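Scroll down for the structure; my scribbles are underneath it.
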Amino acid sequence: MLPVKHAAKKTILVFTFALDVEHPIFAHQAYLIDRLAKSFKKVIVITNQVGIYRKKRNVDIYDLNWQEKRPIRNTLVFRKRLKHVLSNEEVDITFSHMTTVLSLLSGLFLKKRKISHILWYAHAKNSLILKFTSKLVDRILTSTTGSFPFPTRKLTVIGQGIDTNQFFYRGKKENKFSKFFHVGRIDESKNIHGIIKFFLNIPKKNKKLYLIGSPSGNKKSTLYHNQLKNNYINNKNIIFVGSLPRSELYGVINKFDCFLHMYQGSLDKTLVEATIIGIPVITANSEYIREFGSWAKDNESNYIEQYKFVTSMKISKLNSILKSKSLIAKKNHSFEVWYKKLLKTLIH
């Protein structure tokens with residue numbers, strides 16, 4: 001029997017950061033809940049926050065209204081909601097989507113009731129919370145081999161899960177490189193300062209760099225963001241765009257020529273989205289290079305060499321490579337492929 005037939009008889013409990021179709025980072029979590037609602041008898045969501053979301057008939061939502069720097073309050077509210085759900089619902093499966101804190105807080109409750117608990121975690125960052133959580137969950141899913149910070153027998157790689165109805169190939173009409181961009185948090189870990197320095201050294205006039213994203217919200221990230229803006233406030237070639245709703249992202253980045261990226265860690269979802277569209281990506285991210293290769297032949301971390309190689313290529317050759325990369329991205333990271341693997345893990 002197919003996994004979807006098994007799922008149709010079951011109730012799944014899901015932990016998410018947000019239910020908001022316009023959220024700049026977690027909009028895909030709302031999309032996932034809609035898909036789960038088509039596969040499962042009932043979907044119960046405990047989420048940190050609710051924004052713009054039109055719930056399906058078989059979806060129940062518990063909004064934690066998560067508040068920063070109030071851990072005791074948040075813990076008590078979550079446990080109250082969880083106990084209510086477990087007392088009143090016959091939960092068959094629990095899926096935690098990057099919510100390690102909620103996974104940890106719920107771990108012993110779910111083990112006691114012998115409810116299967118699967119965690120999705122696709123980030124190179126390690127923490128004590130993640131280590132403890134990994135011992136409590138039954139399975140862990142991630143996007144690529146290097147997108148989880150330590151080895152464990154519980155780990156399964158299933159790709160990124162990009163909605164190819166929102167991001168689709170268009171290629172390049174001409175070998176033009178004047179509008180550069182970066183999508184992601186304006187955090188020190190993303191090395192935005194390094195991206196700006198590289199951009200300023202590109203020997204080209206009439207160039208622009210668009211930085212799409214906001215700081216994480218903590219003091220360190222906000223300070224980093226403010227320092228960058230103050231340092232380059234008089235440079236009209238560097239534009240701090242801020243966060244964009246997910247629904248607007250494709251239409252915006254589709255107009256740009258090249259994605260500049262300097263984060264070393266897990267495979268950023270935005271890199272795969274740009275690759276599917278057919279936008280050249282200049283990065284030294286080892287997870288990306290492992291799957292899609294580097295523009296530089298000898299030194300994959302040399303951004304200048306990558307830039308020279310990609311900009312000197314004939315447009316027909318460039319599009320041929322971009323199309324090949326796009327097909328690899330669709331094959332390994334489309335939402336449909338990802339969801340089938342997820343559903344199989346949830347049911348078995």
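How things are named: the first chain in the structure tokens is A, the next is B, and so on; residues count from 1 in each chain; ligands count from 1 in the order shown.
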
Please list as a compact mmCIF listing (two decimals) with N, CA and C atoms, in the first residue's frame every residue within 8 Å of A:Ser178, counting only C-alpha atoms and excluding residues in the same chain fewer than 6 positions away.
```
# COMPACT_ATOMS: atom_id res chain seq x y z
N LYS A 204 33.99 47.04 -12.77
CA LYS A 204 32.86 47.31 -13.65
C LYS A 204 32.16 48.58 -13.20
N ASN A 206 28.72 51.17 -13.32
CA ASN A 206 27.25 51.04 -13.32
C ASN A 206 26.78 49.71 -12.73
N LYS A 207 27.46 49.26 -11.70
CA LYS A 207 27.08 48.01 -11.04
C LYS A 207 26.25 48.31 -9.79
N LYS A 208 25.40 47.36 -9.43
CA LYS A 208 24.55 47.50 -8.25
C LYS A 208 24.57 46.20 -7.45
N ASP A 257 21.33 39.61 -12.22
CA ASP A 257 22.28 38.90 -13.08
C ASP A 257 23.11 37.83 -12.38
```

(request) For stretch 211-222 of chain A, please output as a ChimeraX atom specification all residues within 9 Å (counting only C-alpha atoms; exclusion window: fewer than 3 positions along the same chain). (result) /A:24,180-188,192,225-227,238-244

(message) Using only C-alpha atoms, which protein or nucleic acid residues come within 12 Å of stretch 71-87 of chain A? Drop anything in the same chain fewer than 4 positions from it, and give the result as a ChimeraX atom specification.
(response) /A:11-15,43-49,60-67,91-94,101-110,112-115

(request) Considering only C-alpha atoms, state which residue in the set A:Ile162, A:Met262, A:Ile140, A:Ala124 is at the smallest distance from A:Gly194. (result) A:Met262

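Here the question is which of A:Tyr307, A:Tyr250, A:Tyr263, A:Tyr53 gets nearest to A:Phe177 using only C-alpha atoms, and that residue is A:Tyr307.
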
(request) Choose the residue, out of A:Asp163, A:Tyr303, A:Ile277, A:Ser324, that has the smallest atom-to-atom separation from A:Val252; count only C-alpha atoms. (result) A:Ile277

(request) Name the closest residue to A:Asn175 among the candidates A:Arg139, A:Lys325, A:Lys344, A:Lys317; distances are taken between atoms, counting only C-alpha atoms. (result) A:Lys317

Run DSSP on the backbone and grab whatever in stretch 96-211 of chain A lands in helix (DSSP H, G or I); send it over as a compact mmCIF listing (two decimals) with N, CA, C and O atoms, in the first residue's frame.
```txt
# COMPACT_ATOMS: atom_id res chain seq x y z
N THR A 100 13.80 22.83 17.13
CA THR A 100 14.53 21.98 18.08
C THR A 100 14.09 22.21 19.53
O THR A 100 14.07 21.28 20.32
N VAL A 101 13.75 23.45 19.87
CA VAL A 101 13.31 23.74 21.24
C VAL A 101 12.00 23.02 21.55
O VAL A 101 11.86 22.35 22.58
N LEU A 102 11.02 23.12 20.64
CA LEU A 102 9.76 22.43 20.84
C LEU A 102 9.94 20.92 20.82
O LEU A 102 9.26 20.19 21.54
N SER A 103 10.85 20.46 19.99
CA SER A 103 11.15 19.02 19.93
C SER A 103 11.69 18.53 21.26
O SER A 103 11.33 17.45 21.75
N LEU A 104 12.58 19.33 21.85
CA LEU A 104 13.18 18.96 23.14
C LEU A 104 12.13 18.98 24.25
O LEU A 104 12.04 18.04 25.05
N LEU A 105 11.31 20.04 24.27
CA LEU A 105 10.30 20.17 25.32
C LEU A 105 9.23 19.08 25.25
O LEU A 105 8.65 18.70 26.26
N SER A 106 9.00 18.57 24.05
CA SER A 106 7.95 17.56 23.87
C SER A 106 8.48 16.13 23.89
O SER A 106 7.71 15.17 23.96
N GLY A 107 9.81 15.99 23.81
CA GLY A 107 10.42 14.68 23.61
C GLY A 107 9.99 13.59 24.57
O GLY A 107 9.58 12.50 24.14
N LEU A 108 10.05 13.86 25.85
CA LEU A 108 9.70 12.84 26.84
C LEU A 108 8.21 12.52 26.84
O LEU A 108 7.81 11.37 27.02
N PHE A 109 7.37 13.54 26.62
CA PHE A 109 5.92 13.32 26.55
C PHE A 109 5.58 12.37 25.40
O PHE A 109 4.76 11.46 25.55
N LEU A 110 6.22 12.57 24.25
CA LEU A 110 5.94 11.76 23.07
C LEU A 110 6.50 10.34 23.24
O LEU A 110 5.86 9.37 22.81
N LYS A 111 7.68 10.24 23.84
CA LYS A 111 8.27 8.91 24.07
C LYS A 111 7.39 8.09 25.02
O LYS A 111 7.20 6.89 24.82
N LYS A 112 6.89 8.72 26.04
CA LYS A 112 6.05 8.04 27.02
C LYS A 112 4.81 7.46 26.37
O LYS A 112 4.35 6.37 26.72
N LEU A 128 23.73 22.45 22.13
CA LEU A 128 23.37 21.45 23.14
C LEU A 128 21.92 21.03 23.00
O LEU A 128 21.57 19.86 23.19
N ILE A 129 21.06 21.99 22.64
CA ILE A 129 19.63 21.68 22.46
C ILE A 129 19.47 20.63 21.36
O ILE A 129 18.72 19.66 21.52
N LEU A 130 20.20 20.82 20.25
CA LEU A 130 20.11 19.87 19.14
C LEU A 130 20.63 18.49 19.56
O LEU A 130 20.04 17.46 19.20
N LYS A 131 21.72 18.45 20.30
CA LYS A 131 22.29 17.17 20.73
C LYS A 131 21.32 16.40 21.62
O LYS A 131 21.12 15.19 21.46
N PHE A 132 20.71 17.10 22.57
CA PHE A 132 19.74 16.45 23.44
C PHE A 132 18.49 16.03 22.66
O PHE A 132 17.94 14.94 22.85
N THR A 133 18.05 16.92 21.75
CA THR A 133 16.88 16.62 20.93
C THR A 133 17.09 15.39 20.08
O THR A 133 16.19 14.56 19.91
N SER A 134 18.29 15.26 19.52
CA SER A 134 18.58 14.13 18.63
C SER A 134 18.45 12.78 19.35
O SER A 134 18.19 11.75 18.72
N LYS A 135 18.62 12.80 20.66
CA LYS A 135 18.49 11.56 21.43
C LYS A 135 17.03 11.20 21.69
O LYS A 135 16.70 10.03 21.93
N LEU A 136 16.15 12.21 21.62
CA LEU A 136 14.75 11.99 21.94
C LEU A 136 13.89 11.65 20.72
O LEU A 136 12.89 10.95 20.83
N THR A 145 24.18 15.99 2.92
CA THR A 145 25.01 15.31 3.93
C THR A 145 25.71 16.29 4.87
O THR A 145 25.93 15.98 6.04
N GLY A 146 26.06 17.47 4.37
CA GLY A 146 26.75 18.45 5.19
C GLY A 146 25.84 19.46 5.86
O GLY A 146 26.32 20.43 6.45
N SER A 147 24.55 19.24 5.78
CA SER A 147 23.59 20.17 6.36
C SER A 147 23.10 19.74 7.74
O SER A 147 22.11 20.26 8.24
N GLU A 188 26.35 38.23 10.58
CA GLU A 188 27.78 38.09 10.41
C GLU A 188 28.15 36.73 9.82
O GLU A 188 29.11 36.61 9.04
N SER A 189 27.39 35.68 10.17
CA SER A 189 27.67 34.33 9.67
C SER A 189 27.54 34.25 8.15
O SER A 189 28.16 33.40 7.51
N LYS A 190 26.74 35.14 7.58
CA LYS A 190 26.55 35.15 6.12
C LYS A 190 27.66 35.92 5.41
O LYS A 190 27.69 35.97 4.18
N ILE A 192 28.26 39.15 4.99
CA ILE A 192 27.77 40.20 4.09
C ILE A 192 28.86 41.23 3.81
O ILE A 192 28.98 41.76 2.70
N HIS A 193 29.70 41.48 4.83
CA HIS A 193 30.81 42.42 4.64
C HIS A 193 31.76 41.91 3.56
O HIS A 193 32.24 42.69 2.72
N GLY A 194 32.03 40.60 3.56
CA GLY A 194 32.89 40.01 2.52
C GLY A 194 32.28 40.13 1.14
O GLY A 194 32.97 40.38 0.15
N ILE A 195 30.96 39.95 1.06
CA ILE A 195 30.26 40.09 -0.22
C ILE A 195 30.40 41.51 -0.75
O ILE A 195 30.66 41.73 -1.94
N ILE A 196 30.22 42.49 0.14
CA ILE A 196 30.32 43.90 -0.27
C ILE A 196 31.74 44.22 -0.74
O ILE A 196 31.93 44.88 -1.77
N LYS A 197 32.76 43.74 -0.02
CA LYS A 197 34.15 43.99 -0.41
C LYS A 197 34.44 43.39 -1.79
O LYS A 197 35.08 44.02 -2.63
N PHE A 198 33.97 42.17 -2.01
CA PHE A 198 34.17 41.53 -3.31
C PHE A 198 33.47 42.33 -4.41
O PHE A 198 34.03 42.59 -5.48
N PHE A 199 32.24 42.74 -4.14
CA PHE A 199 31.47 43.52 -5.11
C PHE A 199 32.19 44.82 -5.48
O PHE A 199 32.27 45.18 -6.66
N LEU A 200 32.72 45.51 -4.49
CA LEU A 200 33.39 46.78 -4.74
C LEU A 200 34.66 46.60 -5.57
O LEU A 200 35.10 47.53 -6.27
N ASN A 201 35.26 45.41 -5.51
CA ASN A 201 36.48 45.13 -6.27
C ASN A 201 36.22 44.64 -7.70
O ASN A 201 37.16 44.45 -8.47
```

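Counting only C-alpha atoms and comparing A:Leu209, A:Val59, A:Ala8, A:Ile289, the residue that lies closest to A:Ile33 is A:Val59.
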
(message) At a cut-off of 8 Å, using only C-alpha atoms, what residues contact A:Gln306? Leave out same-chain residues fewer than 6 positions from it and give the result as a list of chain:residue names.
(response) A:Ile282, A:Ser294, A:Trp295, A:Ala296, A:Glu300

For the selection you just gave me, I'd like the residues written to a file as an mmCIF file, in the first residue's frame, keeping N, CA, C and O atoms.
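Once everything was written out, this is part-v4.cif:
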```
data_model
loop_
_atom_site.group_PDB
_atom_site.id
_atom_site.type_symbol
_atom_site.label_atom_id
_atom_site.label_comp_id
_atom_site.auth_asym_id
_atom_site.auth_seq_id
_atom_site.Cartn_x
_atom_site.Cartn_y
_atom_site.Cartn_z
ATOM 1 N N ILE A 282 27.791 32.612 -7.490
ATOM 2 C CA ILE A 282 29.208 32.605 -7.138
ATOM 3 C C ILE A 282 29.310 32.378 -5.641
ATOM 4 O O ILE A 282 28.890 33.219 -4.840
ATOM 5 N N SER A 294 31.819 24.238 -9.296
ATOM 6 C CA SER A 294 32.287 25.613 -9.147
ATOM 7 C C SER A 294 32.646 26.182 -10.504
ATOM 8 O O SER A 294 32.996 25.450 -11.430
ATOM 9 N N TRP A 295 32.564 27.499 -10.632
ATOM 10 C CA TRP A 295 32.959 28.142 -11.878
ATOM 11 C C TRP A 295 34.472 28.170 -12.015
ATOM 12 O O TRP A 295 34.996 28.199 -13.119
ATOM 13 N N ALA A 296 35.194 28.172 -10.891
ATOM 14 C CA ALA A 296 36.656 28.202 -10.925
ATOM 15 C C ALA A 296 37.206 26.790 -11.108
ATOM 16 O O ALA A 296 36.712 25.847 -10.503
ATOM 17 N N GLU A 300 38.350 26.500 -5.957
ATOM 18 C CA GLU A 300 36.905 26.698 -5.885
ATOM 19 C C GLU A 300 36.488 27.806 -4.923
ATOM 20 O O GLU A 300 35.360 28.270 -4.959
#
```

(message) If DSSP is run on the backbone, what residues of stretch 80-246 of chain A are strand (DSSP E or B)? A reply as a ChimeraX atom specification would be ideal.
(response) /A:93-97,116-120,139-142,155-157,162,179-183,208-212,238-242

(message) Here is a test: counting only C-alpha atoms, which residue of A:His123, A:Lys9, A:Lys154, A:Lys314 is nearest to A:Thr345?
(response) A:Lys154

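Every protein or nucleic acid residue with an atom no more than 10 Å from A:Asp34, counting only C-alpha atoms and leaving out same-chain residues fewer than 5 positions away, appears here: His28, Gln29, Ser39, Val43, Tyr53, Arg54, Lys55, Lys56, Asn58 and Val59 of chain A.
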
Please write the residues from the selection above to a file, keeping N, CA, C and O atoms, as an mmCIF file, in the first residue's frame.
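After the write, again17.cif holds the following:
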```cif
data_model
loop_
_atom_site.group_PDB
_atom_site.id
_atom_site.type_symbol
_atom_site.label_atom_id
_atom_site.label_comp_id
_atom_site.auth_asym_id
_atom_site.auth_seq_id
_atom_site.Cartn_x
_atom_site.Cartn_y
_atom_site.Cartn_z
ATOM 1 N N HIS A 28 7.232 28.646 3.582
ATOM 2 C CA HIS A 28 7.123 27.264 3.098
ATOM 3 C C HIS A 28 6.507 26.330 4.139
ATOM 4 O O HIS A 28 5.972 25.278 3.791
ATOM 5 N N GLN A 29 6.552 26.731 5.418
ATOM 6 C CA GLN A 29 5.933 25.891 6.449
ATOM 7 C C GLN A 29 4.411 25.886 6.306
ATOM 8 O O GLN A 29 3.769 24.855 6.525
ATOM 9 N N SER A 39 -2.906 14.795 2.700
ATOM 10 C CA SER A 39 -2.441 13.418 2.874
ATOM 11 C C SER A 39 -2.967 12.759 4.147
ATOM 12 O O SER A 39 -3.202 11.549 4.155
ATOM 13 N N VAL A 43 -4.527 17.264 10.701
ATOM 14 C CA VAL A 43 -3.242 17.896 10.973
ATOM 15 C C VAL A 43 -3.424 18.877 12.131
ATOM 16 O O VAL A 43 -4.268 19.768 12.071
ATOM 17 N N TYR A 53 -2.796 33.208 6.994
ATOM 18 C CA TYR A 53 -2.949 31.781 6.698
ATOM 19 C C TYR A 53 -4.428 31.408 6.688
ATOM 20 O O TYR A 53 -5.154 31.713 7.632
ATOM 21 N N ARG A 54 -4.836 30.754 5.629
ATOM 22 C CA ARG A 54 -6.216 30.295 5.485
ATOM 23 C C ARG A 54 -6.231 28.787 5.728
ATOM 24 O O ARG A 54 -5.810 28.014 4.883
ATOM 25 N N LYS A 55 -6.696 28.391 6.875
ATOM 26 C CA LYS A 55 -6.569 26.985 7.267
ATOM 27 C C LYS A 55 -7.578 26.080 6.562
ATOM 28 O O LYS A 55 -8.690 26.496 6.231
ATOM 29 N N LYS A 56 -7.143 24.841 6.358
ATOM 30 C CA LYS A 56 -7.995 23.826 5.759
ATOM 31 C C LYS A 56 -8.947 23.255 6.808
ATOM 32 O O LYS A 56 -8.744 23.400 8.003
ATOM 33 N N ASN A 58 -9.488 20.267 7.871
ATOM 34 C CA ASN A 58 -8.958 19.241 8.774
ATOM 35 C C ASN A 58 -7.662 19.668 9.468
ATOM 36 O O ASN A 58 -6.847 18.840 9.864
ATOM 37 N N VAL A 59 -7.468 20.982 9.621
ATOM 38 C CA VAL A 59 -6.286 21.519 10.296
ATOM 39 C C VAL A 59 -6.708 22.278 11.554
ATOM 40 O O VAL A 59 -7.570 23.151 11.497
#
```

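Between atom CA of A:Thr99 and atom CA of A:Thr156 the interatomic distance comes to 17.3 Å.
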